[in-house]
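run.cif (mmCIF, C-alpha atoms and all ligand atoms)
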data_run
loop_
_atom_site.label_atom_id
_atom_site.label_comp_id
_atom_site.auth_asym_id
_atom_site.auth_seq_id
_atom_site.Cartn_x
_atom_site.Cartn_y
_atom_site.Cartn_z
CA MET A 1262 0.00 0.00 0.00
CA PRO A 1263 1.31 3.48 -0.74
CA SER A 1264 2.65 5.25 2.29
CA ALA A 1265 2.45 8.87 3.33
CA ARG A 1266 5.59 9.71 1.37
CA PHE A 1267 4.03 8.26 -1.78
CA TRP A 1268 1.42 10.92 -1.83
CA ILE A 1269 3.66 13.91 -2.30
CA LYS A 1270 4.89 12.72 -5.69
CA SER A 1271 1.68 11.10 -6.91
CA ARG A 1272 -0.37 12.75 -9.65
CA PRO A 1273 -4.16 12.62 -9.74
CA ALA A 1274 -5.13 9.31 -11.30
CA TRP A 1275 -8.54 10.62 -12.32
CA PRO A 1276 -9.56 13.57 -14.41
CA GLU A 1277 -10.14 16.50 -12.14
CA GLU A 1278 -13.60 17.91 -11.84
CA SER A 1279 -14.24 21.21 -13.52
CA PRO A 1280 -13.64 24.00 -11.03
CA PRO A 1281 -16.83 24.72 -9.13
CA SER A 1282 -18.27 28.09 -8.56
CA HIS A 1283 -16.94 28.58 -5.07
CA PRO A 1284 -19.74 28.50 -2.54
CA GLY A 1285 -20.61 31.53 -0.57
CA MET A 1286 -18.87 34.20 -2.56
CA LYS A 1287 -22.03 36.17 -3.24
CA ALA A 1288 -24.98 36.51 -0.92
CA ASP A 1289 -28.28 36.20 -2.72
CA PRO A 1290 -30.57 38.85 -1.29
CA SER A 1291 -33.69 37.10 -2.59
CA GLN A 1292 -35.50 34.97 -0.07
CA PRO A 1293 -34.70 31.23 -0.26
CA ARG A 1294 -37.81 29.12 -0.75
CA PHE A 1295 -38.06 25.77 0.96
CA PRO A 1296 -40.52 23.52 -0.86
CA ALA A 1297 -43.82 22.78 0.82
CA GLY A 1298 -43.42 19.82 3.10
CA ALA A 1299 -39.75 20.50 3.90
CA ASN A 1300 -39.48 20.11 7.64
CA SER A 1301 -35.75 20.30 8.13
CA LEU A 1302 -34.55 22.33 11.09
CA ILE A 1303 -33.31 25.06 8.76
CA ALA A 1304 -36.70 25.31 7.03
CA THR A 1305 -38.37 25.52 10.45
CA HIS A 1306 -36.06 28.05 12.05
CA LEU A 1307 -35.09 30.38 9.21
CA SER A 1308 -37.83 32.99 9.14
CA PRO A 1309 -37.82 35.59 6.34
CA ASP A 1310 -36.73 38.29 8.83
CA LEU A 1311 -33.92 36.17 10.15
CA TYR A 1312 -32.77 35.42 6.61
CA ARG A 1313 -32.74 39.11 5.71
CA SER A 1314 -30.75 40.00 8.82
CA LEU A 1315 -28.07 37.39 8.09
CA ALA A 1316 -27.97 37.28 4.29
CA ARG A 1317 -25.15 39.78 3.84
CA ILE A 1318 -22.89 38.55 6.63
CA ARG A 1319 -19.60 36.90 5.72
CA SER A 1320 -17.61 34.77 8.13
CA LYS A 1321 -13.86 35.29 8.53
CA SER A 1322 -13.15 33.02 5.57
CA GLY A 1323 -15.98 34.49 3.45
CA PHE A 1324 -18.72 31.93 4.09
CA THR A 1325 -22.34 33.07 3.75
CA LEU A 1326 -25.75 31.89 4.84
CA ASP A 1327 -26.68 31.13 1.22
CA ALA A 1328 -23.79 28.67 1.01
CA ALA A 1329 -24.61 27.22 4.42
CA ILE A 1330 -28.18 26.31 3.48
CA ARG A 1331 -27.65 25.08 -0.08
CA SER A 1332 -27.93 21.43 0.86
CA GLY A 1333 -31.15 22.02 2.78
CA LEU A 1334 -32.64 23.91 -0.14
CA LYS A 1335 -31.63 21.35 -2.72
CA ASN A 1336 -32.71 18.37 -0.58
CA PRO A 1337 -36.12 19.07 0.93
CA ASP A 1338 -35.91 15.77 2.82
CA SER A 1339 -32.92 17.04 4.85
CA SER A 1340 -33.30 16.70 8.57
CA ILE A 1341 -31.01 19.62 9.46
CA GLY A 1342 -30.11 21.32 6.17
CA ILE A 1343 -27.29 23.65 7.27
CA TYR A 1344 -23.48 23.29 7.34
CA ALA A 1345 -20.74 25.48 8.80
CA GLY A 1346 -18.03 26.73 6.41
CA ASP A 1347 -15.52 27.50 9.15
CA SER A 1348 -15.36 27.77 12.93
CA ASP A 1349 -16.48 31.41 12.72
CA SER A 1350 -19.78 30.36 11.07
CA TYR A 1351 -21.10 29.27 14.46
CA ALA A 1352 -20.71 32.82 15.80
CA CYS A 1353 -21.65 34.69 12.60
CA PHE A 1354 -24.83 32.78 12.02
CA ALA A 1355 -25.62 32.19 15.71
CA PRO A 1356 -29.16 33.63 15.45
CA VAL A 1357 -30.11 30.64 13.28
CA MET A 1358 -27.46 28.14 14.44
CA THR A 1359 -28.32 28.42 18.14
CA PRO A 1360 -32.02 27.46 17.89
CA ILE A 1361 -31.10 24.61 15.55
CA ILE A 1362 -28.41 23.38 17.95
CA ARG A 1363 -30.78 23.59 20.94
CA ASP A 1364 -33.50 21.82 19.03
CA TYR A 1365 -31.31 19.03 17.66
CA HIS A 1366 -29.20 18.42 20.77
CA LYS A 1367 -32.17 18.97 23.10
CA ILE A 1368 -30.24 21.27 25.39
CA ASN A 1369 -31.12 24.53 27.10
CA ASP A 1370 -28.94 27.62 27.48
CA THR A 1371 -27.28 26.41 30.68
CA GLN A 1372 -26.00 23.19 29.16
CA GLY A 1373 -22.79 23.26 27.20
CA HIS A 1374 -19.80 21.17 26.33
CA LEU A 1375 -18.45 18.72 28.91
CA GLU A 1376 -14.88 17.53 28.51
CA GLN A 1377 -13.77 14.02 29.49
CA PHE A 1378 -12.03 11.46 27.38
CA THR A 1379 -10.38 9.22 29.95
CA PRO A 1380 -9.85 5.47 29.85
CA VAL A 1381 -12.74 3.30 31.10
CA HIS A 1382 -13.04 -0.30 32.30
CA LEU A 1383 -16.42 -1.75 31.39
CA SER A 1384 -17.58 -5.34 31.55
CA ASN A 1385 -18.14 -7.26 28.33
CA PRO A 1386 -21.82 -6.72 27.42
CA ASP A 1387 -21.90 -9.84 25.20
CA PRO A 1388 -19.54 -12.42 26.72
CA GLU A 1389 -20.76 -15.26 24.48
CA GLY A 1390 -20.32 -13.09 21.39
CA ARG A 1391 -23.83 -13.90 20.18
CA TYR A 1392 -25.13 -10.44 19.31
CA ILE A 1393 -22.50 -7.76 18.84
CA ARG A 1394 -20.73 -7.93 15.48
CA SER A 1395 -18.48 -4.92 15.80
CA THR A 1396 -17.82 -1.76 17.77
CA ARG A 1397 -16.81 1.58 16.30
CA ILE A 1398 -16.23 4.95 17.94
CA ARG A 1399 -15.36 8.07 16.00
CA VAL A 1400 -14.89 11.73 16.65
CA ALA A 1401 -14.97 14.59 14.15
CA ARG A 1402 -12.22 17.19 14.37
CA ASN A 1403 -11.42 20.27 12.30
CA LEU A 1404 -8.41 22.53 12.32
CA LYS A 1405 -9.30 25.95 13.62
CA ASP A 1406 -7.36 28.01 11.11
CA LEU A 1407 -8.66 26.47 7.87
CA PRO A 1408 -12.12 26.69 6.29
CA PHE A 1409 -14.23 23.58 6.86
CA CYS A 1410 -14.69 21.04 4.08
CA CYS A 1411 -17.66 22.60 2.28
CA HIS A 1412 -15.78 25.89 1.91
CA ILE A 1413 -12.10 24.92 1.78
CA ARG A 1414 -10.12 25.69 -1.40
CA ALA A 1415 -8.08 23.02 -3.17
CA GLY A 1416 -4.70 24.37 -2.02
CA GLU A 1417 -5.86 24.53 1.59
CA ARG A 1418 -7.01 20.93 1.43
CA VAL A 1419 -3.56 19.90 0.30
CA LYS A 1420 -1.95 21.93 3.09
CA LEU A 1421 -4.26 20.30 5.60
CA GLU A 1422 -3.44 16.81 4.35
CA LYS A 1423 0.29 17.47 4.69
CA ARG A 1424 -0.14 18.75 8.23
CA VAL A 1425 -2.17 15.72 9.19
CA ILE A 1426 0.39 13.34 7.67
CA ARG A 1427 3.11 15.01 9.79
CA ALA A 1428 1.00 14.59 12.95
CA LEU A 1429 0.23 10.94 12.11
CA GLU A 1430 3.93 10.23 11.96
CA LYS A 1431 4.05 11.05 15.69
CA LEU A 1432 1.67 8.24 16.67
CA PRO A 1433 3.05 5.74 19.19
CA GLU A 1434 4.00 2.27 18.07
CA GLY A 1435 0.69 0.52 18.84
CA LEU A 1436 -1.21 2.96 16.64
CA ALA A 1437 1.31 3.49 13.85
CA GLY A 1438 0.41 2.59 10.29
CA ASP A 1439 0.13 3.89 6.72
CA TYR A 1440 -1.56 6.83 5.11
CA ILE A 1441 -3.23 6.05 1.79
CA SER A 1442 -3.91 9.02 -0.44
CA PHE A 1443 -6.88 8.43 -2.77
CA ASN A 1444 -5.02 10.41 -5.41
CA SER A 1445 -2.34 7.77 -5.52
CA LEU A 1446 -4.81 4.97 -6.23
CA SER A 1447 -6.29 3.76 -9.50
CA GLN A 1448 -10.08 3.89 -9.68
CA LYS A 1449 -10.11 0.10 -9.32
CA ASP A 1450 -7.95 0.05 -6.18
CA TYR A 1451 -9.94 2.86 -4.64
CA THR A 1452 -13.24 1.06 -5.31
CA GLY A 1453 -11.78 -2.11 -3.81
CA LEU A 1454 -10.88 -0.27 -0.62
CA VAL A 1455 -14.35 1.29 -0.40
CA GLN A 1456 -15.93 -2.14 -0.81
CA LYS A 1457 -13.75 -3.47 2.00
CA LYS A 1458 -14.80 -0.42 4.04
CA LEU A 1459 -11.19 0.69 4.35
CA ALA A 1460 -11.79 3.92 2.42
CA PHE A 1461 -14.76 6.29 2.53
CA PRO A 1462 -16.91 6.83 -0.56
CA LYS A 1463 -17.60 10.17 -2.20
CA GLY A 1464 -20.29 12.03 -0.27
CA ASP A 1465 -24.03 11.54 -0.74
CA ARG A 1466 -26.41 14.07 -2.35
CA PHE A 1467 -26.65 16.06 0.91
CA GLN A 1468 -22.87 16.43 1.05
CA GLU A 1469 -22.66 17.01 -2.70
CA ALA A 1470 -25.06 19.95 -2.51
CA ALA A 1471 -23.11 21.40 0.41
CA GLY A 1472 -19.92 21.45 -1.70
CA LEU A 1473 -18.22 18.69 0.26
CA ASN A 1474 -17.34 16.65 -2.83
CA ARG A 1475 -15.51 19.49 -4.55
CA ASP A 1476 -12.23 18.43 -6.20
CA PHE A 1477 -12.74 14.80 -5.05
CA PRO A 1478 -10.45 12.84 -4.59
CA LEU A 1479 -7.89 15.61 -4.17
CA ALA A 1480 -6.20 15.49 -0.75
CA ARG A 1481 -8.59 12.85 0.57
CA GLY A 1482 -7.22 9.76 2.19
CA VAL A 1483 -7.28 7.34 5.07
CA PHE A 1484 -4.76 6.42 7.69
CA LEU A 1485 -4.91 2.79 8.82
CA SER A 1486 -2.98 1.48 11.82
CA HIS A 1487 -1.14 -1.77 11.09
CA ASP A 1488 -3.90 -3.79 12.80
CA LYS A 1489 -6.56 -1.48 11.26
CA GLY A 1490 -8.04 -0.85 14.72
CA PHE A 1491 -7.24 2.87 14.58
CA ARG A 1492 -8.10 4.97 11.53
CA VAL A 1493 -8.23 8.57 10.43
CA TRP A 1494 -10.25 9.86 7.48
CA VAL A 1495 -8.88 13.02 5.95
CA ASN A 1496 -11.03 15.62 4.18
CA GLU A 1497 -14.35 13.80 4.21
CA GLU A 1498 -17.26 15.73 5.80
CA ASP A 1499 -14.83 17.04 8.43
CA HIS A 1500 -11.11 17.68 8.16
CA LEU A 1501 -10.60 14.61 10.32
CA ARG A 1502 -12.68 11.69 11.43
CA ILE A 1503 -10.61 9.89 14.03
CA MET A 1504 -11.86 6.42 14.90
CA ALA A 1505 -11.19 3.18 16.71
CA LEU A 1506 -12.98 -0.03 15.83
CA GLU A 1507 -12.87 -3.80 16.07
CA SER A 1508 -15.02 -6.80 15.46
CA GLY A 1509 -16.52 -7.83 18.76
CA PRO A 1510 -17.97 -6.23 21.86
CA ASP A 1511 -15.02 -4.75 23.79
CA LEU A 1512 -16.28 -1.18 24.23
CA SER A 1513 -13.52 -0.27 26.72
CA ALA A 1514 -10.70 -1.40 24.45
CA VAL A 1515 -12.08 0.57 21.51
CA PHE A 1516 -12.75 3.72 23.55
CA ASN A 1517 -9.36 3.58 25.27
CA ARG A 1518 -7.60 3.18 21.94
CA LEU A 1519 -9.42 6.24 20.63
CA CYS A 1520 -8.36 8.19 23.75
CA SER A 1521 -4.70 7.27 23.16
CA GLY A 1522 -4.94 8.32 19.52
CA LEU A 1523 -6.49 11.65 20.46
CA ASP A 1524 -3.85 12.23 23.14
CA ALA A 1525 -1.13 11.56 20.60
CA LEU A 1526 -2.55 13.76 17.81
CA SER A 1527 -4.01 16.69 19.76
CA PRO A 1528 -0.69 18.36 20.69
CA HIS A 1529 0.22 18.55 16.99
CA LEU A 1530 -3.08 19.81 15.55
CA ALA A 1531 -4.96 22.89 16.82
CA PHE A 1532 -8.61 21.83 16.71
CA ALA A 1533 -11.57 24.20 16.28
CA PHE A 1534 -13.12 24.37 19.73
CA ASP A 1535 -15.61 26.54 21.56
CA PRO A 1536 -16.02 26.37 25.36
CA GLU A 1537 -19.82 26.18 25.04
CA LEU A 1538 -20.24 24.22 21.82
CA GLY A 1539 -17.25 21.90 22.20
CA PHE A 1540 -15.46 20.66 19.09
CA LEU A 1541 -16.83 22.41 16.01
CA SER A 1542 -17.81 20.35 12.98
CA SER A 1543 -19.15 20.88 9.46
CA CYS A 1544 -22.61 19.73 10.47
CA PRO A 1545 -24.11 21.15 13.67
CA THR A 1546 -25.32 17.64 14.58
CA ASN A 1547 -21.75 16.63 15.38
CA ILE A 1548 -20.55 19.41 17.69
CA GLY A 1549 -19.74 18.87 21.38
CA THR A 1550 -17.81 15.68 21.92
CA ALA A 1551 -18.27 15.16 18.15
CA MET A 1552 -18.35 11.49 19.07
CA ARG A 1553 -20.46 8.65 17.74
CA ALA A 1554 -19.96 5.39 19.60
CA GLY A 1555 -21.88 2.44 18.30
CA VAL A 1556 -22.17 -1.25 17.73
CA HIS A 1557 -23.49 -3.44 14.95
CA ILE A 1558 -25.77 -5.83 16.74
CA ARG A 1559 -27.95 -8.71 15.51
CA LEU A 1560 -31.41 -8.65 17.09
CA LYS A 1561 -33.63 -11.20 15.42
CA LYS A 1562 -36.36 -11.11 18.05
CA LEU A 1563 -36.37 -7.42 18.85
CA GLU A 1564 -36.63 -6.75 15.13
CA GLN A 1565 -40.16 -8.16 15.47
CA ALA A 1566 -40.78 -6.09 18.62
CA ARG A 1567 -39.72 -2.65 17.49
CA ASP A 1568 -41.69 -0.82 20.19
CA THR A 1569 -39.76 -2.59 22.93
CA LEU A 1570 -36.47 -1.90 21.17
CA ASN A 1571 -37.37 1.75 20.61
CA ARG A 1572 -38.27 2.16 24.27
CA ILE A 1573 -34.94 0.79 25.54
CA VAL A 1574 -33.01 2.80 22.98
CA ALA A 1575 -34.73 6.06 24.03
CA ARG A 1576 -34.27 5.35 27.73
CA HIS A 1577 -30.50 5.07 27.30
CA HIS A 1578 -30.14 8.06 24.97
CA LEU A 1579 -29.29 5.89 21.98
CA GLN A 1580 -30.40 5.92 18.35
CA ILE A 1581 -30.89 3.31 15.65
CA ARG A 1582 -29.46 3.49 12.17
CA GLY A 1583 -29.58 0.98 9.33
CA THR A 1584 -26.87 -1.60 8.74
CA GLY A 1585 -25.09 0.59 6.19
CA GLY A 1586 -25.13 3.66 8.44
CA GLU A 1587 -27.01 6.92 8.13
CA LYS A 1588 -30.20 6.88 6.03
CA THR A 1589 -29.96 3.14 5.23
CA ALA A 1590 -32.21 0.17 6.00
CA VAL A 1591 -31.71 -2.64 8.53
CA ASN A 1592 -30.34 -5.70 6.78
CA GLN A 1593 -30.54 -9.26 8.15
CA SER A 1594 -31.55 -7.99 11.60
CA VAL A 1595 -28.24 -6.15 12.06
CA PHE A 1596 -28.87 -2.77 13.68
CA ASP A 1597 -26.40 0.07 14.08
CA ILE A 1598 -27.04 1.40 17.58
CA SER A 1599 -25.14 4.44 18.83
CA ASN A 1600 -25.37 7.45 21.13
CA ALA A 1601 -28.02 10.05 20.35
CA ARG A 1602 -26.33 12.73 22.50
CA ARG A 1603 -23.08 14.47 21.62
CA LEU A 1604 -23.37 17.89 23.28
CA GLY A 1605 -24.04 18.57 26.97
CA VAL A 1606 -22.70 15.14 27.87
CA SER A 1607 -19.11 13.92 28.26
CA ALA A 1608 -17.49 11.26 26.09
CA ASN A 1609 -17.21 9.07 29.18
CA ASP A 1610 -20.95 9.40 29.87
CA ILE A 1611 -21.68 8.50 26.25
CA ILE A 1612 -19.68 5.30 26.45
CA ARG A 1613 -21.29 4.36 29.78
CA ASP A 1614 -24.79 4.99 28.33
CA LEU A 1615 -23.93 2.81 25.35
CA HIS A 1616 -22.71 0.06 27.66
CA THR A 1617 -25.80 0.01 29.89
CA GLY A 1618 -28.14 0.45 26.93
CA ILE A 1619 -26.59 -2.37 24.92
CA SER A 1620 -26.60 -4.62 28.00
CA ALA A 1621 -30.34 -3.90 28.47
CA ILE A 1622 -31.03 -4.60 24.79
CA ILE A 1623 -29.19 -7.95 24.92
CA GLU A 1624 -31.12 -8.85 28.09
CA ALA A 1625 -34.43 -8.06 26.36
CA GLU A 1626 -33.44 -10.04 23.24
CA LYS A 1627 -32.58 -13.06 25.41
CA ASN A 1628 -35.89 -12.82 27.26
CA LEU A 1629 -38.12 -12.67 24.21
N1 LIG B 1 -27.39 17.35 5.90
C1 LIG B 1 -28.10 16.13 6.12
C2 LIG B 1 -29.49 16.43 6.61
O1 LIG B 1 -29.75 17.55 6.98
C3 LIG B 1 -27.36 15.21 7.08
C4 LIG B 1 -27.37 15.65 8.52
C5 LIG B 1 -26.66 14.77 9.51
N2 LIG B 1 -25.66 13.90 8.96
C6 LIG B 1 -24.41 14.22 8.68
N3 LIG B 1 -23.65 13.32 8.11
N4 LIG B 1 -23.92 15.38 9.00
O2 LIG B 1 -30.31 15.55 6.65
#

For this file, produce the structure as structure tokens.
Ligand code: ARG
Amino acid sequence: MPSARFWIKSRPAWPEESPPSHPGMKADPSQPRFPAGANSLIATHLSPDLYRSLARIRSKSGFTLDAAIRSGLKNPDSSIGIYAGDSDSYACFAPVMTPIIRDYHKINDTQGHLEQFTPVHLSNPDPEGRYIRSTRIRVARNLKDLPFCCHIRAGERVKLEKRVIRALEKLPEGLAGDYISFNSLSQKDYTGLVQKKLAFPKGDRFQEAAGLNRDFPLARGVFLSHDKGFRVWVNEEDHLRIMALESGPDLSAVFNRLCSGLDALSPHLAFAFDPELGFLSSCPTNIGTAMRAGVHIRLKKLEQARDTLNRIVARHHLQIRGTGGEKTAVNQSVFDISNARRLGVSANDIIRDLHTGISAIIEAEKNL
């Protein structure tokens, strides 16, 4: 596999996309129209007056409200419909961001970010290995001095990738591995890695409309530790998606590995952070801990008793996704169950909630 050094010399293997009109360079003073039936948070919270008061504002890197809401406008079935173009977007567009954040994260104005990423020791929730297929925990991180991925220019993406590669070289032995630049791969090799879930695919229509696919695959890549249990995605929806994963149910091992990776990388990368909002991400759904901790779990009986499953999931602040992740269906009774809360709760609380919730779900599945 090509290593980090490979990247510098490699030339794009694919024809480059025609240069896009850069998002957010001109505020459109006409009122955006959300189609009837759109009930995304942006459609709900952006009143005509609010739009007019924010339409001409530019963030420090030149991002505008028109650029922020393009995905929500283009995709009426969005659930949120707004993205941040840089860390400053959260302050610039606070009059619309804040109600959306409160609504989505179900917090009030006294709740804010809680820090805590310290090693945990939790019992094995599935000692016989009958239910849990795999465990994966990721955090989103962005560098504070570069525009976020829907607004970043090609040269800045390249700069970011180089910085990340330098930081990855500092990882301790147990986490060390190789960086694979998508640019250095043939289309066939890249597709093979996506199929094996070792590389991320080009973004979906929501991300496309937000500008997140611009210049793909330029400066995108994945870092894989030698045992593949620690990974970093570069320049996907966020500058970085840092994750730990393994097949099996050992939540503590996965979480603790993620903590070590974060401890090793954080001194070398200045992350976008706000004392109230926590780590800032492209999508306001991911701020706070920016963490999603989940398992793939096979629940043949609870699949037939969805009300019971939904009740346990809600009680433990969890959410259900389909087998293939966000906006996908459940396949062969394998559910993706992960934390619903990211802001106003610490990473350690999230992992404990997941542990007690998954234990309760396994108990209920056994008893059915
Ligand atoms: N923008 C999409 C929507 O509003 C996705 C939101 C959450 N998911 C994400 N990957 N950021 O429905």

Legend entry - Contacts of region 1399-1405 of chain A within 9 Å, only C-alpha atoms, excl. fewer than 6 positions in-chain, as a VMD selection string: chain A and resid 1347 to 1348 1421 1498 to 1506 1519 1530 to 1534 1540 to 1543 1547 to 1548 1550 to 1555

Legend entry - Given 9 Å and only C-alpha atoms and all ligand atoms, residues near ligand LIG 1 (chain B) as a PyMOL selection string: chain A and resi 1301-1303+1332-1333+1336-1344+1466-1468+1471+1498+1542-1547+1587-1588

Could you take the residues named above and write them with C-alpha atoms, as a JSON list (two decimals), in the coordinates of the input?
[["chain", "number", "residue", "atom", "x", "y", "z"],
["A", 1301, "SER", "CA", -35.75, 20.30, 8.13],
["A", 1302, "LEU", "CA", -34.55, 22.33, 11.09],
["A", 1303, "ILE", "CA", -33.31, 25.06, 8.76],
["A", 1332, "SER", "CA", -27.93, 21.43, 0.86],
["A", 1333, "GLY", "CA", -31.15, 22.02, 2.78],
["A", 1336, "ASN", "CA", -32.71, 18.37, -0.58],
["A", 1337, "PRO", "CA", -36.12, 19.07, 0.93],
["A", 1338, "ASP", "CA", -35.91, 15.77, 2.82],
["A", 1339, "SER", "CA", -32.92, 17.04, 4.85],
["A", 1340, "SER", "CA", -33.30, 16.70, 8.57],
["A", 1341, "ILE", "CA", -31.01, 19.62, 9.46],
["A", 1342, "GLY", "CA", -30.11, 21.32, 6.17],
["A", 1343, "ILE", "CA", -27.29, 23.65, 7.27],
["A", 1344, "TYR", "CA", -23.48, 23.29, 7.34],
["A", 1466, "ARG", "CA", -26.41, 14.07, -2.35],
["A", 1467, "PHE", "CA", -26.65, 16.06, 0.91],
["A", 1468, "GLN", "CA", -22.87, 16.43, 1.05],
["A", 1471, "ALA", "CA", -23.11, 21.40, 0.41],
["A", 1498, "GLU", "CA", -17.26, 15.73, 5.80],
["A", 1542, "SER", "CA", -17.81, 20.35, 12.98],
["A", 1543, "SER", "CA", -19.15, 20.88, 9.46],
["A", 1544, "CYS", "CA", -22.61, 19.73, 10.47],
["A", 1545, "PRO", "CA", -24.11, 21.15, 13.67],
["A", 1546, "THR", "CA", -25.32, 17.64, 14.58],
["A", 1547, "ASN", "CA", -21.75, 16.63, 15.38],
["A", 1587, "GLU", "CA", -27.01, 6.92, 8.13],
["A", 1588, "LYS", "CA", -30.20, 6.88, 6.03]]

Legend entry - Spatial neighbours of Leu1479 (chain A), max dist 8 Å, all atoms listed in the file, sep filter under 6 positions, as a VMD selection string: chain A and resid 1273 1415 1418 to 1419 1443 to 1444

Counting only C-alpha atoms, give me one row per residue of region 1331-1407 of chain A with an atom at most 12 Å from an atom of region 1309-1318 of chain A, showing the shortest contact pair and its distance in Å to one decimal, sorted by chain then residue number, as JSON lines.
{"residue": "A:Asp1349", "atom": "CA", "partner": "A:Ile1318", "partner_atom": "CA", "distance": 11.4}
{"residue": "A:Ser1350", "atom": "CA", "partner": "A:Ile1318", "partner_atom": "CA", "distance": 9.8}
{"residue": "A:Ala1352", "atom": "CA", "partner": "A:Ile1318", "partner_atom": "CA", "distance": 11.0}
{"residue": "A:Cys1353", "atom": "CA", "partner": "A:Ile1318", "partner_atom": "CA", "distance": 7.2}
{"residue": "A:Phe1354", "atom": "CA", "partner": "A:Leu1315", "partner_atom": "CA", "distance": 6.9}
{"residue": "A:Ala1355", "atom": "CA", "partner": "A:Leu1315", "partner_atom": "CA", "distance": 9.5}
{"residue": "A:Pro1356", "atom": "CA", "partner": "A:Leu1311", "partner_atom": "CA", "distance": 7.6}
{"residue": "A:Val1357", "atom": "CA", "partner": "A:Leu1311", "partner_atom": "CA", "distance": 7.4}
{"residue": "A:Met1358", "atom": "CA", "partner": "A:Leu1311", "partner_atom": "CA", "distance": 11.2}
{"residue": "A:Pro1360", "atom": "CA", "partner": "A:Leu1311", "partner_atom": "CA", "distance": 11.8}

Inset, instruction - Can you pull out every residue within 7 Å of region 1388-1397 of chain A, counting only C-alpha atoms, but drop anything in the same chain fewer than 2 positions away, and send it as a PyMOL selection string? - result: chain A and resi 1385-1386+1399+1505-1510+1512+1554-1560

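Shortest separation to Gly1435 (chain A) among A:Ile1361, A:Ile1598, A:Ala1328, A:Ala1525 occurs at residue A:Ala1525, atoms counted being only C-alpha atoms.
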
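For the choices A:Val1455, A:Ile1611, A:Leu1326, A:Ala1299, the atom-to-atom distance to Glu1376 (chain A) is smallest for A:Ile1611 when using all atoms listed in the file.
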
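Candidate residues A:Leu1604, A:Leu1615, A:Cys1520, A:Ala1470 were compared for distance to Leu1436 (chain A), and the nearest is A:Cys1520, using all atoms listed in the file.
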
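Of the listed residues (A:Val1591, A:Ile1612, A:Val1606, A:Leu1307), A:Ile1612 comes nearest to Ile1398 (chain A); the distances count all atoms listed in the file.
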
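Among the candidates A:Tyr1351, A:Glu1417, A:Arg1363, A:Leu1334, the residue lying nearest to Arg1319 (chain A) is A:Tyr1351 (atoms considered: only C-alpha atoms).
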
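Atom to atom, CA of Phe1378 (chain A) and CA of Ala1514 (chain A) stand 13.3 Å apart.
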
Inset, instruction - Go through A:Ala1608, A:Ile1413, A:Ala1460, A:Ala1437 and flag the residue nearest Asp1488 (chain A), using only C-alpha atoms for the distances. - result: A:Ala1437

Give me, as a PDB file with C-alpha atoms, in the frame of the given file, all polymer residues having an atom no more than 6 Å from Gly1482 (chain A), counting all atoms listed in the file and skipping those fewer than 5 positions away in the same chain.
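The resulting result.pdb:
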ATOM      1  CA  ILE A1441      -3.230   6.050   1.790  1.00  0.00           C
ATOM      2  CA  SER A1442      -3.910   9.020  -0.440  1.00  0.00           C
ATOM      3  CA  PHE A1443      -6.880   8.430  -2.770  1.00  0.00           C
ATOM      4  CA  VAL A1495      -8.880  13.020   5.950  1.00  0.00           C
TER       5      VAL A1495
END

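CA of Glu1564 (chain A) is positioned 10.9 Å from CA of Leu1629 (chain A).
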
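Interatomic distance, CA of Asp1524 (chain A) to CA of Lys1420 (chain A): 22.4 Å.
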